[in-house]
file protein35.cif (mmCIF, C-alpha atoms)
data_entry
#
loop_
_atom_site.group_PDB
_atom_site.id
_atom_site.type_symbol
_atom_site.label_atom_id
_atom_site.label_comp_id
_atom_site.auth_asym_id
_atom_site.auth_seq_id
_atom_site.Cartn_x
_atom_site.Cartn_y
_atom_site.Cartn_z
ATOM 1 C CA MET A 106 3.985 11.504 33.162
ATOM 2 C CA PRO A 107 3.471 9.898 29.743
ATOM 3 C CA LYS A 108 5.550 6.849 28.988
ATOM 4 C CA GLN A 109 8.294 7.174 26.416
ATOM 5 C CA PRO A 110 7.730 5.004 23.337
ATOM 6 C CA THR A 111 9.711 1.796 23.495
ATOM 7 C CA ALA A 112 11.994 0.589 20.697
ATOM 8 C CA ALA A 113 9.432 -2.126 19.906
ATOM 9 C CA ARG A 114 6.665 0.445 19.508
ATOM 10 C CA ARG A 115 8.868 2.624 17.314
ATOM 11 C CA SER A 116 9.798 -0.385 15.179
ATOM 12 C CA ALA A 117 6.155 -1.417 14.796
ATOM 13 C CA ALA A 118 5.165 2.130 13.845
ATOM 14 C CA SER A 119 8.000 2.379 11.321
ATOM 15 C CA ARG A 120 7.130 -0.982 9.795
ATOM 16 C CA ALA A 121 3.475 0.001 9.420
ATOM 17 C CA ALA A 122 4.460 3.334 7.855
ATOM 18 C CA ILE A 123 6.783 1.619 5.379
ATOM 19 C CA LEU A 124 4.169 -0.902 4.289
ATOM 20 C CA GLU A 125 1.524 1.794 3.896
ATOM 21 C CA ALA A 126 3.943 3.955 1.901
ATOM 22 C CA ALA A 127 4.857 1.095 -0.438
ATOM 23 C CA PHE A 128 1.207 0.236 -1.079
ATOM 24 C CA GLU A 129 0.251 3.854 -1.737
ATOM 25 C CA LEU A 130 3.234 4.655 -3.940
ATOM 26 C CA VAL A 131 2.930 1.640 -6.214
ATOM 27 C CA GLY A 132 -0.660 2.664 -6.865
ATOM 28 C CA GLU A 133 0.466 6.173 -7.728
ATOM 29 C CA VAL A 134 3.608 5.597 -9.797
ATOM 30 C CA GLY A 135 3.637 1.897 -10.723
ATOM 31 C CA TYR A 136 6.208 -0.759 -9.895
ATOM 32 C CA GLY A 137 8.840 0.406 -12.366
ATOM 33 C CA ARG A 138 9.110 3.813 -10.726
ATOM 34 C CA LEU A 139 8.752 2.551 -7.180
ATOM 35 C CA GLY A 140 12.007 2.892 -5.270
ATOM 36 C CA ILE A 141 13.285 2.237 -1.765
ATOM 37 C CA GLU A 142 14.284 5.889 -1.395
ATOM 38 C CA ALA A 143 10.767 7.050 -2.247
ATOM 39 C CA ILE A 144 9.238 4.543 0.171
ATOM 40 C CA ALA A 145 11.608 5.694 2.921
ATOM 41 C CA SER A 146 10.820 9.345 2.270
ATOM 42 C CA ARG A 147 7.050 8.752 2.330
ATOM 43 C CA ALA A 148 7.328 6.670 5.507
ATOM 44 C CA GLY A 149 9.658 9.101 7.267
ATOM 45 C CA VAL A 150 12.435 6.552 7.823
ATOM 46 C CA GLY A 151 15.945 5.991 6.550
ATOM 47 C CA LYS A 152 16.668 3.631 3.663
ATOM 48 C CA GLN A 153 18.753 1.405 5.929
ATOM 49 C CA THR A 154 15.699 0.808 8.099
ATOM 50 C CA ILE A 155 13.963 -0.732 5.098
ATOM 51 C CA TYR A 156 16.992 -2.769 4.007
ATOM 52 C CA ARG A 157 17.363 -4.092 7.545
ATOM 53 C CA TRP A 158 13.939 -5.766 7.233
ATOM 54 C CA TRP A 159 13.500 -6.440 3.503
ATOM 55 C CA PRO A 160 15.929 -7.332 0.692
ATOM 56 C CA SER A 161 14.066 -5.543 -2.123
ATOM 57 C CA LYS A 162 11.151 -3.312 -3.020
ATOM 58 C CA GLY A 163 9.300 -6.410 -4.199
ATOM 59 C CA ALA A 164 9.622 -7.939 -0.742
ATOM 60 C CA VAL A 165 8.290 -4.738 0.855
ATOM 61 C CA LEU A 166 5.329 -4.673 -1.518
ATOM 62 C CA PHE A 167 4.612 -8.354 -0.908
ATOM 63 C CA GLU A 168 4.396 -7.835 2.842
ATOM 64 C CA ALA A 169 2.286 -4.714 2.369
ATOM 65 C CA ILE A 170 -0.239 -6.696 0.337
ATOM 66 C CA LEU A 171 -0.053 -9.631 2.746
ATOM 67 C CA VAL A 172 -0.878 -7.465 5.752
ATOM 68 C CA ARG A 173 -3.684 -5.719 3.858
ATOM 69 C CA SER A 174 -5.182 -9.060 2.836
ATOM 70 C CA PHE A 175 -4.783 -11.083 6.019
ATOM 71 C CA GLY A 176 -3.868 -8.604 8.763
ATOM 72 C CA ASP A 177 -0.834 -9.045 10.986
ATOM 73 C CA GLY A 178 -1.793 -12.671 11.609
ATOM 74 C CA GLU A 179 -1.008 -13.362 7.949
ATOM 75 C CA GLU A 180 -3.408 -16.305 7.872
ATOM 76 C CA PRO A 181 -6.183 -16.642 5.284
ATOM 77 C CA VAL A 182 -9.702 -16.426 6.646
ATOM 78 C CA PRO A 183 -11.588 -19.735 6.318
ATOM 79 C CA LEU A 184 -14.247 -19.780 3.626
ATOM 80 C CA PRO A 185 -17.812 -19.468 4.923
ATOM 81 C CA ASP A 186 -19.461 -22.783 5.704
ATOM 82 C CA THR A 187 -23.185 -22.305 6.215
ATOM 83 C CA GLY A 188 -24.059 -25.710 4.804
ATOM 84 C CA ASP A 189 -25.022 -24.176 1.452
ATOM 85 C CA LEU A 190 -21.982 -24.710 -0.765
ATOM 86 C CA GLU A 191 -23.252 -22.698 -3.715
ATOM 87 C CA ALA A 192 -24.222 -19.705 -1.579
ATOM 88 C CA ASP A 193 -20.897 -19.778 0.264
ATOM 89 C CA LEU A 194 -18.825 -19.947 -2.912
ATOM 90 C CA ARG A 195 -20.971 -17.264 -4.536
ATOM 91 C CA THR A 196 -20.174 -14.938 -1.640
ATOM 92 C CA VAL A 197 -16.446 -15.584 -2.023
ATOM 93 C CA LEU A 198 -16.333 -15.293 -5.814
ATOM 94 C CA ARG A 199 -18.402 -12.109 -5.900
ATOM 95 C CA ALA A 200 -16.148 -10.517 -3.286
ATOM 96 C CA THR A 201 -13.065 -11.617 -5.228
ATOM 97 C CA ALA A 202 -14.403 -10.139 -8.462
ATOM 98 C CA LEU A 203 -15.152 -6.799 -6.841
ATOM 99 C CA GLU A 204 -11.762 -6.711 -5.133
ATOM 100 C CA LEU A 205 -9.804 -7.496 -8.297
ATOM 101 C CA ALA A 206 -11.803 -4.910 -10.233
ATOM 102 C CA SER A 207 -10.894 -2.216 -7.701
ATOM 103 C CA PRO A 208 -8.084 0.093 -8.933
ATOM 104 C CA GLU A 209 -6.770 0.312 -5.365
ATOM 105 C CA VAL A 210 -6.104 -3.432 -5.391
ATOM 106 C CA ASP A 211 -5.466 -4.046 -9.083
ATOM 107 C CA ARG A 212 -2.298 -2.019 -9.537
ATOM 108 C CA PRO A 213 -0.410 -3.279 -6.453
ATOM 109 C CA LEU A 214 -1.307 -6.889 -7.311
ATOM 110 C CA ARG A 215 -0.117 -6.478 -10.887
ATOM 111 C CA ALA A 216 3.096 -4.939 -9.572
ATOM 112 C CA LEU A 217 3.646 -7.889 -7.254
ATOM 113 C CA THR A 218 2.946 -10.331 -10.108
ATOM 114 C CA ALA A 219 5.557 -8.594 -12.249
ATOM 115 C CA ALA A 220 8.057 -8.683 -9.398
ATOM 116 C CA MET A 221 7.574 -12.422 -8.892
ATOM 117 C CA VAL A 222 8.255 -13.116 -12.560
ATOM 118 C CA GLU A 223 11.767 -11.737 -12.075
ATOM 119 C CA ASP A 224 12.376 -12.885 -8.486
ATOM 120 C CA GLU A 225 12.193 -16.632 -7.889
ATOM 121 C CA ALA A 226 12.763 -16.279 -4.137
ATOM 122 C CA LEU A 227 9.858 -13.861 -3.863
ATOM 123 C CA ALA A 228 7.653 -16.183 -5.918
ATOM 124 C CA GLU A 229 8.508 -19.089 -3.622
ATOM 125 C CA GLU A 230 7.749 -16.992 -0.535
ATOM 126 C CA TYR A 231 4.388 -16.087 -2.081
ATOM 127 C CA ARG A 232 3.670 -19.759 -2.752
ATOM 128 C CA ILE A 233 4.462 -20.748 0.833
ATOM 129 C CA ARG A 234 2.825 -17.836 2.674
ATOM 130 C CA VAL A 235 -0.164 -17.098 0.431
ATOM 131 C CA GLU A 236 -0.902 -19.557 -2.348
ATOM 132 C CA GLU A 237 -0.763 -22.823 -0.418
ATOM 133 C CA PRO A 238 -2.579 -21.619 2.745
ATOM 134 C CA THR A 239 -5.279 -20.058 0.567
ATOM 135 C CA ARG A 240 -5.647 -23.222 -1.498
ATOM 136 C CA GLU A 241 -5.942 -25.275 1.667
ATOM 137 C CA ALA A 242 -8.741 -22.996 2.925
ATOM 138 C CA LYS A 243 -10.564 -23.619 -0.362
ATOM 139 C CA ARG A 244 -9.907 -27.363 -0.224
ATOM 140 C CA ALA A 245 -11.209 -27.428 3.346
ATOM 141 C CA ARG A 246 -14.542 -25.927 2.273
ATOM 142 C CA LEU A 247 -14.877 -28.398 -0.600
ATOM 143 C CA ARG A 248 -13.869 -31.256 1.704
ATOM 144 C CA SER A 249 -16.701 -30.247 4.014
ATOM 145 C CA ALA A 250 -19.076 -30.381 1.038
ATOM 146 C CA GLN A 251 -17.839 -33.874 0.217
ATOM 147 C CA ARG A 252 -18.537 -35.036 3.767
ATOM 148 C CA ALA A 253 -22.035 -33.571 3.498
ATOM 149 C CA GLY A 254 -22.624 -35.396 0.202
ATOM 150 C CA ARG A 255 -22.760 -32.147 -1.820
ATOM 151 C CA LEU A 256 -19.788 -33.129 -3.957
ATOM 152 C CA PRO A 257 -18.616 -36.576 -5.107
ATOM 153 C CA ALA A 258 -16.217 -38.290 -2.718
ATOM 154 C CA SER A 259 -13.960 -39.190 -5.664
ATOM 155 C CA LEU A 260 -13.467 -35.541 -6.663
ATOM 156 C CA ASP A 261 -9.843 -34.346 -6.824
ATOM 157 C CA LEU A 262 -9.973 -31.243 -4.643
ATOM 158 C CA ASP A 263 -6.999 -29.519 -6.253
ATOM 159 C CA ILE A 264 -8.617 -29.824 -9.671
ATOM 160 C CA ALA A 265 -11.902 -28.614 -8.190
ATOM 161 C CA VAL A 266 -10.205 -25.539 -6.697
ATOM 162 C CA ASP A 267 -8.685 -24.733 -10.088
ATOM 163 C CA ALA A 268 -12.012 -25.219 -11.869
ATOM 164 C CA ILE A 269 -13.807 -22.812 -9.549
ATOM 165 C CA PHE A 270 -11.224 -20.123 -8.896
ATOM 166 C CA ALA A 271 -8.572 -20.137 -11.642
ATOM 167 C CA PRO A 272 -10.727 -18.701 -14.468
ATOM 168 C CA MET A 273 -11.290 -15.494 -12.541
ATOM 169 C CA ALA A 274 -7.577 -15.089 -11.880
ATOM 170 C CA GLN A 275 -6.898 -15.713 -15.562
ATOM 171 C CA ARG A 276 -9.483 -13.125 -16.615
ATOM 172 C CA TRP A 277 -7.928 -10.595 -14.236
ATOM 173 C CA LEU A 278 -4.395 -11.307 -15.415
ATOM 174 C CA THR A 279 -5.160 -11.082 -19.145
ATOM 175 C CA ARG A 280 -7.865 -8.389 -18.886
ATOM 176 C CA ASN A 281 -9.998 -10.391 -21.324
ATOM 177 C CA GLY A 282 -13.342 -9.523 -19.777
ATOM 178 C CA PRO A 283 -15.068 -7.611 -16.970
ATOM 179 C CA LEU A 284 -14.906 -8.843 -13.398
ATOM 180 C CA THR A 285 -18.478 -8.581 -12.203
ATOM 181 C CA GLU A 286 -20.874 -10.357 -9.885
ATOM 182 C CA GLU A 287 -22.675 -11.684 -12.965
ATOM 183 C CA TYR A 288 -19.452 -13.240 -14.223
ATOM 184 C CA ALA A 289 -18.778 -14.729 -10.784
ATOM 185 C CA ASP A 290 -22.242 -16.302 -10.712
ATOM 186 C CA ALA A 291 -21.935 -17.742 -14.231
ATOM 187 C CA LEU A 292 -18.473 -19.111 -13.486
ATOM 188 C CA LEU A 293 -19.669 -20.790 -10.309
ATOM 189 C CA GLU A 294 -22.717 -22.344 -11.953
ATOM 190 C CA THR A 295 -20.628 -23.774 -14.786
ATOM 191 C CA ALA A 296 -17.931 -25.122 -12.455
ATOM 192 C CA LEU A 297 -20.338 -26.724 -9.972
ATOM 193 C CA ASN A 298 -22.420 -28.313 -12.734
ATOM 194 C CA GLY A 299 -19.315 -30.082 -13.943
ATOM 195 C CA LEU A 300 -17.971 -31.011 -10.511
ATOM 196 C CA ARG A 301 -21.261 -32.413 -9.258
ATOM 197 C CA HIS A 302 -21.426 -34.814 -12.190
ATOM 198 C CA HIS A 303 -17.857 -35.944 -11.723
ATOM 199 C CA GLY A 304 -17.481 -39.634 -11.193
ATOM 200 C CA PRO A 305 -14.897 -42.406 -11.397
ATOM 201 C CA ASN A 306 -13.866 -43.496 -14.854
#
call {"tool": "encode", "arguments": {"input": "protein35.cif", "output": "structure tokens"}}
result
Amino acid sequence: MPKQPTAARRSAASRAAILEAAFELVGEVGYGRLGIEAIASRAGVGKQTIYRWWPSKGAVLFEAILVRSFGDGEEPVPLPDTGDLEADLRTVLRATALELASPEVDRPLRALTAAMVEDEALAEEYRIRVEEPTREAKRARLRSAQRAGRLPASLDLDIAVDAIFAPMAQRWLTRNGPLTEEYADALLETALNGLRHHGPN
């Protein structure tokens, strides 16, 4: 006789359906027209189920993107460390460019960015759960390069992270140029040339 689904299984299935619905709908209608009622209808749950777990549509969308990016573990994947810093960073930057250029990813991320502008609590949650862990993964890869003598020991790693990764985020946000592998390569070459020649004043 088949086992009846437990409450935990039902809750997990409902949560997954809600997150999938939010991600799909924001891509279809945009953040302004995204509503809790529409998410609930698409997911096949009641509105109160959503409000029991999340305070706003922005919070639902944030978790949907978080799970898509990191999985249920919600931890950033370490950057590759093959011993070849340039090759490793090239892999990451090319993948980032292609992801940001994808319409499937672009619209939900822009929606989340807009939501965080208006919601300080959501922005702080993003900083704690995404921005800082991701920055630390990047710092860890650069720290490894310092230990291997590939980058100067005096290099400020936070500044180095910004120099390598921030221009692509800025280009995506302002739409001031294409996000391509060629751009990723040129950005990396320029950033590393500067960082490798960094030295104490």
call {"tool": "residues_near_point", "arguments": {"input": "protein35.cif", "point": "(-21.2, -16.8, -12.1)", "cutoff": "12 Å", "atoms": "all atoms listed in the file", "output": "PDB file with C-alpha atoms, in the coordinates of the input"}}
result
ATOM      1  CA  GLU A 191     -23.252 -22.698  -3.715  1.00  0.00           C
ATOM      2  CA  ALA A 192     -24.222 -19.705  -1.579  1.00  0.00           C
ATOM      3  CA  LEU A 194     -18.825 -19.947  -2.912  1.00  0.00           C
ATOM      4  CA  ARG A 195     -20.971 -17.264  -4.536  1.00  0.00           C
ATOM      5  CA  THR A 196     -20.174 -14.938  -1.640  1.00  0.00           C
ATOM      6  CA  VAL A 197     -16.446 -15.584  -2.023  1.00  0.00           C
ATOM      7  CA  LEU A 198     -16.333 -15.293  -5.814  1.00  0.00           C
ATOM      8  CA  ARG A 199     -18.402 -12.109  -5.900  1.00  0.00           C
ATOM      9  CA  ALA A 200     -16.148 -10.517  -3.286  1.00  0.00           C
ATOM     10  CA  THR A 201     -13.065 -11.617  -5.228  1.00  0.00           C
ATOM     11  CA  ALA A 202     -14.403 -10.139  -8.462  1.00  0.00           C
ATOM     12  CA  ILE A 269     -13.807 -22.812  -9.549  1.00  0.00           C
ATOM     13  CA  PHE A 270     -11.224 -20.123  -8.896  1.00  0.00           C
ATOM     14  CA  PRO A 272     -10.727 -18.701 -14.468  1.00  0.00           C
ATOM     15  CA  MET A 273     -11.290 -15.494 -12.541  1.00  0.00           C
ATOM     16  CA  LEU A 284     -14.906  -8.843 -13.398  1.00  0.00           C
ATOM     17  CA  THR A 285     -18.478  -8.581 -12.203  1.00  0.00           C
ATOM     18  CA  GLU A 286     -20.874 -10.357  -9.885  1.00  0.00           C
ATOM     19  CA  GLU A 287     -22.675 -11.684 -12.965  1.00  0.00           C
ATOM     20  CA  TYR A 288     -19.452 -13.240 -14.223  1.00  0.00           C
ATOM     21  CA  ALA A 289     -18.778 -14.729 -10.784  1.00  0.00           C
ATOM     22  CA  ASP A 290     -22.242 -16.302 -10.712  1.00  0.00           C
ATOM     23  CA  ALA A 291     -21.935 -17.742 -14.231  1.00  0.00           C
ATOM     24  CA  LEU A 292     -18.473 -19.111 -13.486  1.00  0.00           C
ATOM     25  CA  LEU A 293     -19.669 -20.790 -10.309  1.00  0.00           C
ATOM     26  CA  GLU A 294     -22.717 -22.344 -11.953  1.00  0.00           C
ATOM     27  CA  THR A 295     -20.628 -23.774 -14.786  1.00  0.00           C
ATOM     28  CA  ALA A 296     -17.931 -25.122 -12.455  1.00  0.00           C
ATOM     29  CA  LEU A 297     -20.338 -26.724  -9.972  1.00  0.00           C
ATOM     30  CA  ASN A 298     -22.420 -28.313 -12.734  1.00  0.00           C
TER      31      ASN A 298
END
call {"tool": "closest_residue", "arguments": {"input": "protein35.cif", "among": "A:Lys152, A:Lys162, A:Lys243, A:Arg157", "to": "Arg138 (chain A)", "atoms": "all atoms listed in the file"}}
result
A:Lys162
call {"tool": "resolve_selection", "arguments": {"input": "protein35.cif", "expression": "the PyMOL selection byres ((chain A and resi 211) around 12)", "output": "ChimeraX atom specification"}}
result
/A:128,131-133,135,170,201-210,212-218,274,277-278,280,284
call {"tool": "write_last_selection", "arguments": {"input": "protein35.cif", "atoms": "C-alpha atoms", "output": "tab-separated table (two decimals), in the coordinates of the input"}}
result
chain	number	residue	atom	x	y	z
A	128	PHE	CA	1.21	0.24	-1.08
A	131	VAL	CA	2.93	1.64	-6.21
A	132	GLY	CA	-0.66	2.66	-6.86
A	133	GLU	CA	0.47	6.17	-7.73
A	135	GLY	CA	3.64	1.90	-10.72
A	170	ILE	CA	-0.24	-6.70	0.34
A	201	THR	CA	-13.06	-11.62	-5.23
A	202	ALA	CA	-14.40	-10.14	-8.46
A	203	LEU	CA	-15.15	-6.80	-6.84
A	204	GLU	CA	-11.76	-6.71	-5.13
A	205	LEU	CA	-9.80	-7.50	-8.30
A	206	ALA	CA	-11.80	-4.91	-10.23
A	207	SER	CA	-10.89	-2.22	-7.70
A	208	PRO	CA	-8.08	0.09	-8.93
A	209	GLU	CA	-6.77	0.31	-5.36
A	210	VAL	CA	-6.10	-3.43	-5.39
A	212	ARG	CA	-2.30	-2.02	-9.54
A	213	PRO	CA	-0.41	-3.28	-6.45
A	214	LEU	CA	-1.31	-6.89	-7.31
A	215	ARG	CA	-0.12	-6.48	-10.89
A	216	ALA	CA	3.10	-4.94	-9.57
A	217	LEU	CA	3.65	-7.89	-7.25
A	218	THR	CA	2.95	-10.33	-10.11
A	274	ALA	CA	-7.58	-15.09	-11.88
A	277	TRP	CA	-7.93	-10.60	-14.24
A	278	LEU	CA	-4.39	-11.31	-15.42
A	280	ARG	CA	-7.86	-8.39	-18.89
A	284	LEU	CA	-14.91	-8.84	-13.40
call {"tool": "residues_around", "arguments": {"input": "protein35.cif", "residues": "Ala164 (chain A)", "least_positions_apart": "2", "cutoff": "12 Å", "atoms": "only C-alpha atoms", "output": "ChimeraX atom specification"}}
result
/A:123-124,127-128,140-141,155-162,166-171,216-218,220-221,224-231
call {"tool": "closest_residue", "arguments": {"input": "protein35.cif", "among": "A:Pro283, A:Gly254, A:Gly299, A:Pro183", "to": "Pro238 (chain A)", "atoms": "only C-alpha atoms"}}
result
A:Pro183
call {"tool": "resolve_selection", "arguments": {"input": "protein35.cif", "expression": "the PyMOL selection byres ((chain A and resi 246-249) around 10)", "output": "list of chain:residue names"}}
result
A:Pro183, A:Leu184, A:Pro185, A:Asp186, A:Gly188, A:Leu190, A:Asp193, A:Leu194, A:Glu241, A:Ala242, A:Lys243, A:Arg244, A:Ala245, A:Ala250, A:Gln251, A:Arg252, A:Ala253, A:Gly254, A:Arg255, A:Leu256, A:Pro257, A:Ala258, A:Leu260, A:Asp261, A:Leu262, A:Asp263, A:Ala265, A:Val266
call {"tool": "decode", "arguments": {"input": "protein35.cif", "residues": "region 215-236 of chain A", "atoms": "N, CA and C atoms", "output": "CSV table (one decimal), in the first residue's frame"}}
result
chain,number,residue,atom,x,y,z
A,215,ARG,N,16.5,41.7,-12.5
A,215,ARG,CA,16.2,43.1,-12.5
A,215,ARG,C,15.0,43.4,-11.6
A,216,ALA,N,14.1,42.5,-11.6
A,216,ALA,CA,12.9,42.6,-10.7
A,216,ALA,C,13.4,42.6,-9.2
A,217,LEU,N,14.3,41.7,-8.9
A,217,LEU,CA,14.8,41.7,-7.5
A,217,LEU,C,15.5,42.9,-7.2
A,218,THR,N,16.3,43.4,-8.1
A,218,THR,CA,17.1,44.7,-7.9
A,218,THR,C,16.1,45.8,-7.6
A,219,ALA,N,15.0,45.9,-8.4
A,219,ALA,CA,14.0,47.0,-8.1
A,219,ALA,C,13.4,46.8,-6.8
A,220,ALA,N,13.1,45.6,-6.4
A,220,ALA,CA,12.5,45.3,-5.1
A,220,ALA,C,13.4,45.8,-4.0
A,221,MET,N,14.7,45.5,-4.1
A,221,MET,CA,15.6,45.8,-3.0
A,221,MET,C,15.8,47.3,-2.8
A,222,VAL,N,15.6,48.1,-3.9
A,222,VAL,CA,15.7,49.5,-3.8
A,222,VAL,C,14.6,50.1,-2.9
A,223,GLU,N,13.4,49.5,-2.9
A,223,GLU,CA,12.3,49.9,-2.1
A,223,GLU,C,12.2,49.2,-0.7
A,224,ASP,N,12.9,48.1,-0.5
A,224,ASP,CA,12.8,47.3,0.7
A,224,ASP,C,14.1,47.1,1.3
A,225,GLU,N,14.4,47.9,2.3
A,225,GLU,CA,15.7,47.8,3.0
A,225,GLU,C,16.0,46.5,3.7
A,226,ALA,N,14.9,45.9,4.2
A,226,ALA,CA,15.1,44.6,4.9
A,226,ALA,C,15.5,43.5,3.9
A,227,LEU,N,14.9,43.6,2.7
A,227,LEU,CA,15.2,42.6,1.7
A,227,LEU,C,16.6,42.8,1.2
A,228,ALA,N,17.0,44.1,1.0
A,228,ALA,CA,18.4,44.4,0.6
A,228,ALA,C,19.4,43.9,1.6
A,229,GLU,N,19.1,44.0,2.9
A,229,GLU,CA,20.0,43.5,3.9
A,229,GLU,C,20.1,42.0,3.9
A,230,GLU,N,18.9,41.3,3.7
A,230,GLU,CA,18.9,39.9,3.6
A,230,GLU,C,19.8,39.4,2.4
A,231,TYR,N,19.7,40.1,1.3
A,231,TYR,CA,20.5,39.8,0.1
A,231,TYR,C,21.9,40.0,0.5
A,232,ARG,N,22.3,41.0,1.2
A,232,ARG,CA,23.7,41.3,1.5
A,232,ARG,C,24.2,40.1,2.4
A,233,ILE,N,23.5,39.7,3.3
A,233,ILE,CA,23.9,38.7,4.3
A,233,ILE,C,24.0,37.3,3.6
A,234,ARG,N,22.9,37.0,2.8
A,234,ARG,CA,22.8,35.6,2.3
A,234,ARG,C,23.5,35.4,0.9
A,235,VAL,N,23.7,36.5,0.2
A,235,VAL,CA,24.2,36.3,-1.1
A,235,VAL,C,25.5,37.1,-1.3
A,236,GLU,N,25.4,38.4,-1.1
A,236,GLU,CA,26.6,39.3,-1.5
A,236,GLU,C,27.8,38.9,-0.7
